[in-house]
file query28.pdb (PDB, C-alpha atoms, pLDDT in the B column)
ATOM      1  CA  LEU A  21       0.000   0.000   0.000  1.00 90.00           C
ATOM      2  CA  THR A  22       1.170   3.497  -0.737  1.00 96.00           C
ATOM      3  CA  LYS A  23       1.447   6.178   1.930  1.00 97.00           C
ATOM      4  CA  GLU A  24      -1.529   7.990   0.405  1.00 97.00           C
ATOM      5  CA  ILE A  25      -3.742   4.913   0.597  1.00 97.00           C
ATOM      6  CA  LYS A  26      -2.643   4.208   4.172  1.00 97.00           C
ATOM      7  CA  ALA A  27      -3.466   7.789   5.171  1.00 96.00           C
ATOM      8  CA  ARG A  28      -6.916   7.553   3.597  1.00 95.00           C
ATOM      9  CA  LEU A  29      -7.612   4.248   5.349  1.00 96.00           C
ATOM     10  CA  LEU A  30      -6.518   5.671   8.696  1.00 96.00           C
ATOM     11  CA  ALA A  31      -8.965   8.555   8.239  1.00 95.00           C
ATOM     12  CA  LEU A  32     -11.993   6.250   7.894  1.00 94.00           C
ATOM     13  CA  PRO A  33     -12.761   5.863  11.633  1.00 95.00           C
ATOM     14  CA  THR A  34     -13.037   9.635  11.979  1.00 95.00           C
ATOM     15  CA  LEU A  35     -15.578  10.118   9.168  1.00 94.00           C
ATOM     16  CA  ASP A  36     -18.812  11.710  10.346  1.00 95.00           C
ATOM     17  CA  VAL A  37     -21.858   9.469  10.111  1.00 96.00           C
ATOM     18  CA  GLU A  38     -25.402   9.810  11.368  1.00 96.00           C
ATOM     19  CA  ILE A  39     -26.802   7.235  13.755  1.00 95.00           C
ATOM     20  CA  GLU A  40     -30.101   7.540  15.602  1.00 93.00           C
ATOM     21  CA  GLY A  41     -30.363  11.197  14.614  1.00 92.00           C
ATOM     22  CA  GLN A  42     -26.918  12.198  15.900  1.00 94.00           C
ATOM     23  CA  ARG A  43     -23.665  12.889  14.055  1.00 95.00           C
ATOM     24  CA  ARG A  44     -20.746  10.881  15.380  1.00 95.00           C
ATOM     25  CA  PRO A  45     -17.395   9.585  14.154  1.00 96.00           C
ATOM     26  CA  LEU A  46     -17.686   6.174  12.494  1.00 96.00           C
ATOM     27  CA  MET A  47     -15.624   4.584  15.288  1.00 97.00           C
ATOM     28  CA  LEU A  48     -18.219   5.567  17.923  1.00 97.00           C
ATOM     29  CA  ALA A  49     -21.123   4.683  15.654  1.00 97.00           C
ATOM     30  CA  ALA A  50     -19.708   1.170  15.183  1.00 97.00           C
ATOM     31  CA  THR A  51     -19.690   0.748  18.957  1.00 97.00           C
ATOM     32  CA  GLN A  52     -23.290   1.935  19.103  1.00 97.00           C
ATOM     33  CA  THR A  53     -24.247  -0.568  16.374  1.00 97.00           C
ATOM     34  CA  ALA A  54     -22.576  -3.389  18.311  1.00 98.00           C
ATOM     35  CA  THR A  55     -24.468  -2.365  21.442  1.00 97.00           C
ATOM     36  CA  SER A  56     -27.769  -2.379  19.559  1.00 97.00           C
ATOM     37  CA  LEU A  57     -26.952  -5.866  18.219  1.00 98.00           C
ATOM     38  CA  LEU A  58     -26.390  -7.068  21.782  1.00 98.00           C
ATOM     39  CA  ARG A  59     -29.757  -5.602  22.797  1.00 97.00           C
ATOM     40  CA  CYS A  60     -31.413  -7.484  19.928  1.00 97.00           C
ATOM     41  CA  PHE A  61     -29.810 -10.763  20.989  1.00 97.00           C
ATOM     42  CA  ALA A  62     -30.895 -10.119  24.590  1.00 98.00           C
ATOM     43  CA  GLY A  63     -34.482  -9.509  23.457  1.00 97.00           C
ATOM     44  CA  GLU A  64     -34.461  -5.881  24.641  1.00 97.00           C
ATOM     45  CA  ALA A  65     -34.804  -4.384  21.146  1.00 95.00           C
ATOM     46  CA  ARG A  66     -35.996  -5.424  17.698  1.00 96.00           C
ATOM     47  CA  ARG A  67     -34.070  -2.987  15.494  1.00 95.00           C
ATOM     48  CA  LEU A  68     -30.383  -2.458  14.829  1.00 95.00           C
ATOM     49  CA  ALA A  69     -28.893   1.022  14.749  1.00 96.00           C
ATOM     50  CA  TYR A  70     -26.980   1.397  11.482  1.00 95.00           C
ATOM     51  CA  PRO A  71     -24.756   4.396  10.708  1.00 95.00           C
ATOM     52  CA  LEU A  72     -25.487   6.451   7.601  1.00 94.00           C
ATOM     53  CA  LEU A  73     -22.769   8.343   5.783  1.00 88.00           C
ATOM     54  CA  SER A  74     -23.334  12.056   6.236  1.00 71.00           C
ATOM     55  CA  CYS A  75     -23.630  13.927   2.937  1.00 70.00           C
ATOM     56  CA  GLU A  76     -23.173  17.333   4.535  1.00 65.00           C
ATOM     57  CA  PRO A  77     -19.659  18.706   5.077  1.00 61.00           C
ATOM     58  CA  SER A  78     -18.494  18.583   8.687  1.00 55.00           C
ATOM     59  CA  ASP A  79     -17.781  21.815  10.556  1.00 54.00           C
TER      60      ASP A  79
END
call {"tool": "encode", "arguments": {"input": "query28.pdb", "output": "structure tokens"}}
result
Amino acid sequence: LTKEIKARLLALPTLDVEIEGQRRPLMLAATQTATSLLRCFAGEARRLAYPLLSCEPSD
């Protein structure tokens, strides 16, 4: 991999996504998705929280 590709890959976890109506970095949204999966397995919830890529530029 080139340095440019490595840099772009390392930036992925910090991309802004929207999850449950809030903008968060992808890294935090992935944790929230995993938590919602656990709640589904435990029978506490019936829907998974999936992150959506934000189309608006971040501030």
call {"tool": "atom_distance", "arguments": {"input": "query28.pdb", "atom1": "CA of Leu48 (chain A)", "atom2": "CA of Ala31 (chain A)"}}
result
13.7 Å
call {"tool": "closest_residue", "arguments": {"input": "query28.pdb", "among": "A:Ala27, A:Leu72, A:Phe61, A:Thr22", "to": "Ile39 (chain A)", "atoms": "only C-alpha atoms"}}
result
A:Leu72
call {"tool": "closest_residue", "arguments": {"input": "query28.pdb", "among": "A:Leu58, A:Leu21, A:Ala49, A:Cys75", "to": "Pro33 (chain A)", "atoms": "all atoms listed in the file"}}
result
A:Ala49
call {"tool": "axis_aligned_box", "arguments": {"input": "query28.pdb", "around": "region 49-66 of chain A", "padding_each_side": "6 Å", "output": "lines of an AutoDock Vina configuration file"}}
result
center_x = -27.8
center_y = -3.0
center_z = 19.9
size_x = 28.3
size_y = 27.4
size_z = 21.5
call {"tool": "residues_around", "arguments": {"input": "query28.pdb", "residues": "Val37 (chain A)", "least_positions_apart": "6", "cutoff": "6 Å", "atoms": "only C-alpha atoms", "output": "PyMOL selection string"}}
result
chain A and resi 43-44+46+71-74
call {"tool": "resolve_selection", "arguments": {"input": "query28.pdb", "expression": "the PyMOL selection byres ((chain A and resi 69) around 9)", "output": "MDAnalysis selection string"}}
result
chainID A and resid 39:40 49 52:57 67:68 70:71
call {"tool": "write_last_selection", "arguments": {"input": "query28.pdb", "atoms": "C-alpha atoms", "output": "PDB file, in the frame of the given file"}}
result
ATOM      1  CA  ILE A  39     -26.802   7.235  13.755  1.00 95.00           C
ATOM      2  CA  GLU A  40     -30.101   7.540  15.602  1.00 93.00           C
ATOM      3  CA  ALA A  49     -21.123   4.683  15.654  1.00 97.00           C
ATOM      4  CA  GLN A  52     -23.290   1.935  19.103  1.00 97.00           C
ATOM      5  CA  THR A  53     -24.247  -0.568  16.374  1.00 97.00           C
ATOM      6  CA  ALA A  54     -22.576  -3.389  18.311  1.00 98.00           C
ATOM      7  CA  THR A  55     -24.468  -2.365  21.442  1.00 97.00           C
ATOM      8  CA  SER A  56     -27.769  -2.379  19.559  1.00 97.00           C
ATOM      9  CA  LEU A  57     -26.952  -5.866  18.219  1.00 98.00           C
ATOM     10  CA  ARG A  67     -34.070  -2.987  15.494  1.00 95.00           C
ATOM     11  CA  LEU A  68     -30.383  -2.458  14.829  1.00 95.00           C
ATOM     12  CA  TYR A  70     -26.980   1.397  11.482  1.00 95.00           C
ATOM     13  CA  PRO A  71     -24.756   4.396  10.708  1.00 95.00           C
TER      14      PRO A  71
END
call {"tool": "atom_distance", "arguments": {"input": "query28.pdb", "atom1": "CA of Arg66 (chain A)", "atom2": "CA of Leu35 (chain A)"}}
result
27.0 Å
call {"tool": "atom_distance", "arguments": {"input": "query28.pdb", "atom1": "CA of Glu38 (chain A)", "atom2": "CA of Ile25 (chain A)"}}
result
24.7 Å
call {"tool": "build_atoms", "arguments": {"input": "query28.pdb", "residues": "region 22-52 of chain A", "atoms": "N, CA and C atoms", "output": "PDB file, in the coordinates of the input"}}
result
ATOM      1  N   THR A  22       0.417   2.245  -0.708  1.00 96.00           N
ATOM      2  CA  THR A  22       1.170   3.497  -0.737  1.00 96.00           C
ATOM      3  C   THR A  22       0.861   4.310   0.514  1.00 96.00           C
ATOM      4  N   LYS A  23       1.679   5.313   0.771  1.00 97.00           N
ATOM      5  CA  LYS A  23       1.447   6.178   1.930  1.00 97.00           C
ATOM      6  C   LYS A  23       0.110   6.894   1.822  1.00 97.00           C
ATOM      7  N   GLU A  24      -0.256   7.292   0.604  1.00 97.00           N
ATOM      8  CA  GLU A  24      -1.529   7.990   0.405  1.00 97.00           C
ATOM      9  C   GLU A  24      -2.718   7.095   0.746  1.00 97.00           C
ATOM     10  N   ILE A  25      -2.658   5.853   0.305  1.00 97.00           N
ATOM     11  CA  ILE A  25      -3.742   4.913   0.597  1.00 97.00           C
ATOM     12  C   ILE A  25      -3.812   4.628   2.090  1.00 97.00           C
ATOM     13  N   LYS A  26      -2.668   4.443   2.726  1.00 97.00           N
ATOM     14  CA  LYS A  26      -2.643   4.208   4.172  1.00 97.00           C
ATOM     15  C   LYS A  26      -3.253   5.380   4.925  1.00 97.00           C
ATOM     16  N   ALA A  27      -2.926   6.594   4.513  1.00 96.00           N
ATOM     17  CA  ALA A  27      -3.466   7.789   5.171  1.00 96.00           C
ATOM     18  C   ALA A  27      -4.982   7.858   5.007  1.00 96.00           C
ATOM     19  N   ARG A  28      -5.469   7.525   3.825  1.00 95.00           N
ATOM     20  CA  ARG A  28      -6.916   7.553   3.597  1.00 95.00           C
ATOM     21  C   ARG A  28      -7.620   6.482   4.420  1.00 95.00           C
ATOM     22  N   LEU A  29      -7.024   5.313   4.538  1.00 96.00           N
ATOM     23  CA  LEU A  29      -7.612   4.248   5.349  1.00 96.00           C
ATOM     24  C   LEU A  29      -7.634   4.619   6.829  1.00 96.00           C
ATOM     25  N   LEU A  30      -6.573   5.264   7.292  1.00 96.00           N
ATOM     26  CA  LEU A  30      -6.518   5.671   8.696  1.00 96.00           C
ATOM     27  C   LEU A  30      -7.528   6.765   9.019  1.00 96.00           C
ATOM     28  N   ALA A  31      -7.984   7.492   8.019  1.00 95.00           N
ATOM     29  CA  ALA A  31      -8.965   8.555   8.239  1.00 95.00           C
ATOM     30  C   ALA A  31     -10.399   8.021   8.327  1.00 95.00           C
ATOM     31  N   LEU A  32     -10.635   6.798   7.906  1.00 94.00           N
ATOM     32  CA  LEU A  32     -11.993   6.250   7.894  1.00 94.00           C
ATOM     33  C   LEU A  32     -12.691   6.272   9.255  1.00 94.00           C
ATOM     34  N   PRO A  33     -12.054   5.871  10.349  1.00 95.00           N
ATOM     35  CA  PRO A  33     -12.761   5.863  11.633  1.00 95.00           C
ATOM     36  C   PRO A  33     -13.223   7.241  12.099  1.00 95.00           C
ATOM     37  N   THR A  34     -12.661   8.289  11.539  1.00 95.00           N
ATOM     38  CA  THR A  34     -13.037   9.635  11.979  1.00 95.00           C
ATOM     39  C   THR A  34     -14.075  10.287  11.072  1.00 95.00           C
ATOM     40  N   LEU A  35     -14.538   9.573  10.040  1.00 94.00           N
ATOM     41  CA  LEU A  35     -15.578  10.118   9.168  1.00 94.00           C
ATOM     42  C   LEU A  35     -16.857  10.340   9.957  1.00 94.00           C
ATOM     43  N   ASP A  36     -17.538  11.437   9.692  1.00 95.00           N
ATOM     44  CA  ASP A  36     -18.812  11.710  10.346  1.00 95.00           C
ATOM     45  C   ASP A  36     -19.909  10.878   9.709  1.00 95.00           C
ATOM     46  N   VAL A  37     -20.689  10.220  10.550  1.00 96.00           N
ATOM     47  CA  VAL A  37     -21.858   9.469  10.111  1.00 96.00           C
ATOM     48  C   VAL A  37     -23.029   9.879  10.993  1.00 96.00           C
ATOM     49  N   GLU A  38     -24.218   9.529  10.563  1.00 96.00           N
ATOM     50  CA  GLU A  38     -25.402   9.810  11.368  1.00 96.00           C
ATOM     51  C   GLU A  38     -25.948   8.489  11.864  1.00 96.00           C
ATOM     52  N   ILE A  39     -26.219   8.436  13.167  1.00 95.00           N
ATOM     53  CA  ILE A  39     -26.802   7.235  13.755  1.00 95.00           C
ATOM     54  C   ILE A  39     -27.795   7.676  14.818  1.00 95.00           C
ATOM     55  N   GLU A  40     -29.014   7.189  14.690  1.00 93.00           N
ATOM     56  CA  GLU A  40     -30.101   7.540  15.602  1.00 93.00           C
ATOM     57  C   GLU A  40     -30.247   9.052  15.742  1.00 93.00           C
ATOM     58  N   GLY A  41     -30.143   9.757  14.627  1.00 92.00           N
ATOM     59  CA  GLY A  41     -30.363  11.197  14.614  1.00 92.00           C
ATOM     60  C   GLY A  41     -29.211  12.044  15.115  1.00 92.00           C
ATOM     61  N   GLN A  42     -28.072  11.447  15.396  1.00 94.00           N
ATOM     62  CA  GLN A  42     -26.918  12.198  15.900  1.00 94.00           C
ATOM     63  C   GLN A  42     -25.723  11.975  14.987  1.00 94.00           C
ATOM     64  N   ARG A  43     -24.908  13.020  14.824  1.00 95.00           N
ATOM     65  CA  ARG A  43     -23.665  12.889  14.055  1.00 95.00           C
ATOM     66  C   ARG A  43     -22.547  12.473  14.993  1.00 95.00           C
ATOM     67  N   ARG A  44     -21.844  11.423  14.576  1.00 95.00           N
ATOM     68  CA  ARG A  44     -20.746  10.881  15.380  1.00 95.00           C
ATOM     69  C   ARG A  44     -19.656  10.381  14.440  1.00 95.00           C
ATOM     70  N   PRO A  45     -18.436  10.242  14.956  1.00 96.00           N
ATOM     71  CA  PRO A  45     -17.395   9.585  14.154  1.00 96.00           C
ATOM     72  C   PRO A  45     -17.767   8.112  13.943  1.00 96.00           C
ATOM     73  N   LEU A  46     -17.358   7.558  12.828  1.00 96.00           N
ATOM     74  CA  LEU A  46     -17.686   6.174  12.494  1.00 96.00           C
ATOM     75  C   LEU A  46     -17.254   5.207  13.591  1.00 96.00           C
ATOM     76  N   MET A  47     -16.125   5.464  14.234  1.00 97.00           N
ATOM     77  CA  MET A  47     -15.624   4.584  15.288  1.00 97.00           C
ATOM     78  C   MET A  47     -16.638   4.475  16.440  1.00 97.00           C
ATOM     79  N   LEU A  48     -17.227   5.593  16.853  1.00 97.00           N
ATOM     80  CA  LEU A  48     -18.219   5.567  17.923  1.00 97.00           C
ATOM     81  C   LEU A  48     -19.531   4.962  17.444  1.00 97.00           C
ATOM     82  N   ALA A  49     -19.890   5.240  16.202  1.00 97.00           N
ATOM     83  CA  ALA A  49     -21.123   4.683  15.654  1.00 97.00           C
ATOM     84  C   ALA A  49     -21.043   3.162  15.556  1.00 97.00           C
ATOM     85  N   ALA A  50     -19.877   2.623  15.248  1.00 97.00           N
ATOM     86  CA  ALA A  50     -19.708   1.170  15.183  1.00 97.00           C
ATOM     87  C   ALA A  50     -19.924   0.546  16.561  1.00 97.00           C
ATOM     88  N   THR A  51     -19.461   1.222  17.590  1.00 97.00           N
ATOM     89  CA  THR A  51     -19.690   0.748  18.957  1.00 97.00           C
ATOM     90  C   THR A  51     -21.177   0.765  19.283  1.00 97.00           C
ATOM     91  N   GLN A  52     -21.856   1.822  18.862  1.00 97.00           N
ATOM     92  CA  GLN A  52     -23.290   1.935  19.103  1.00 97.00           C
ATOM     93  C   GLN A  52     -24.055   0.840  18.344  1.00 97.00           C
TER      94      GLN A  52
END
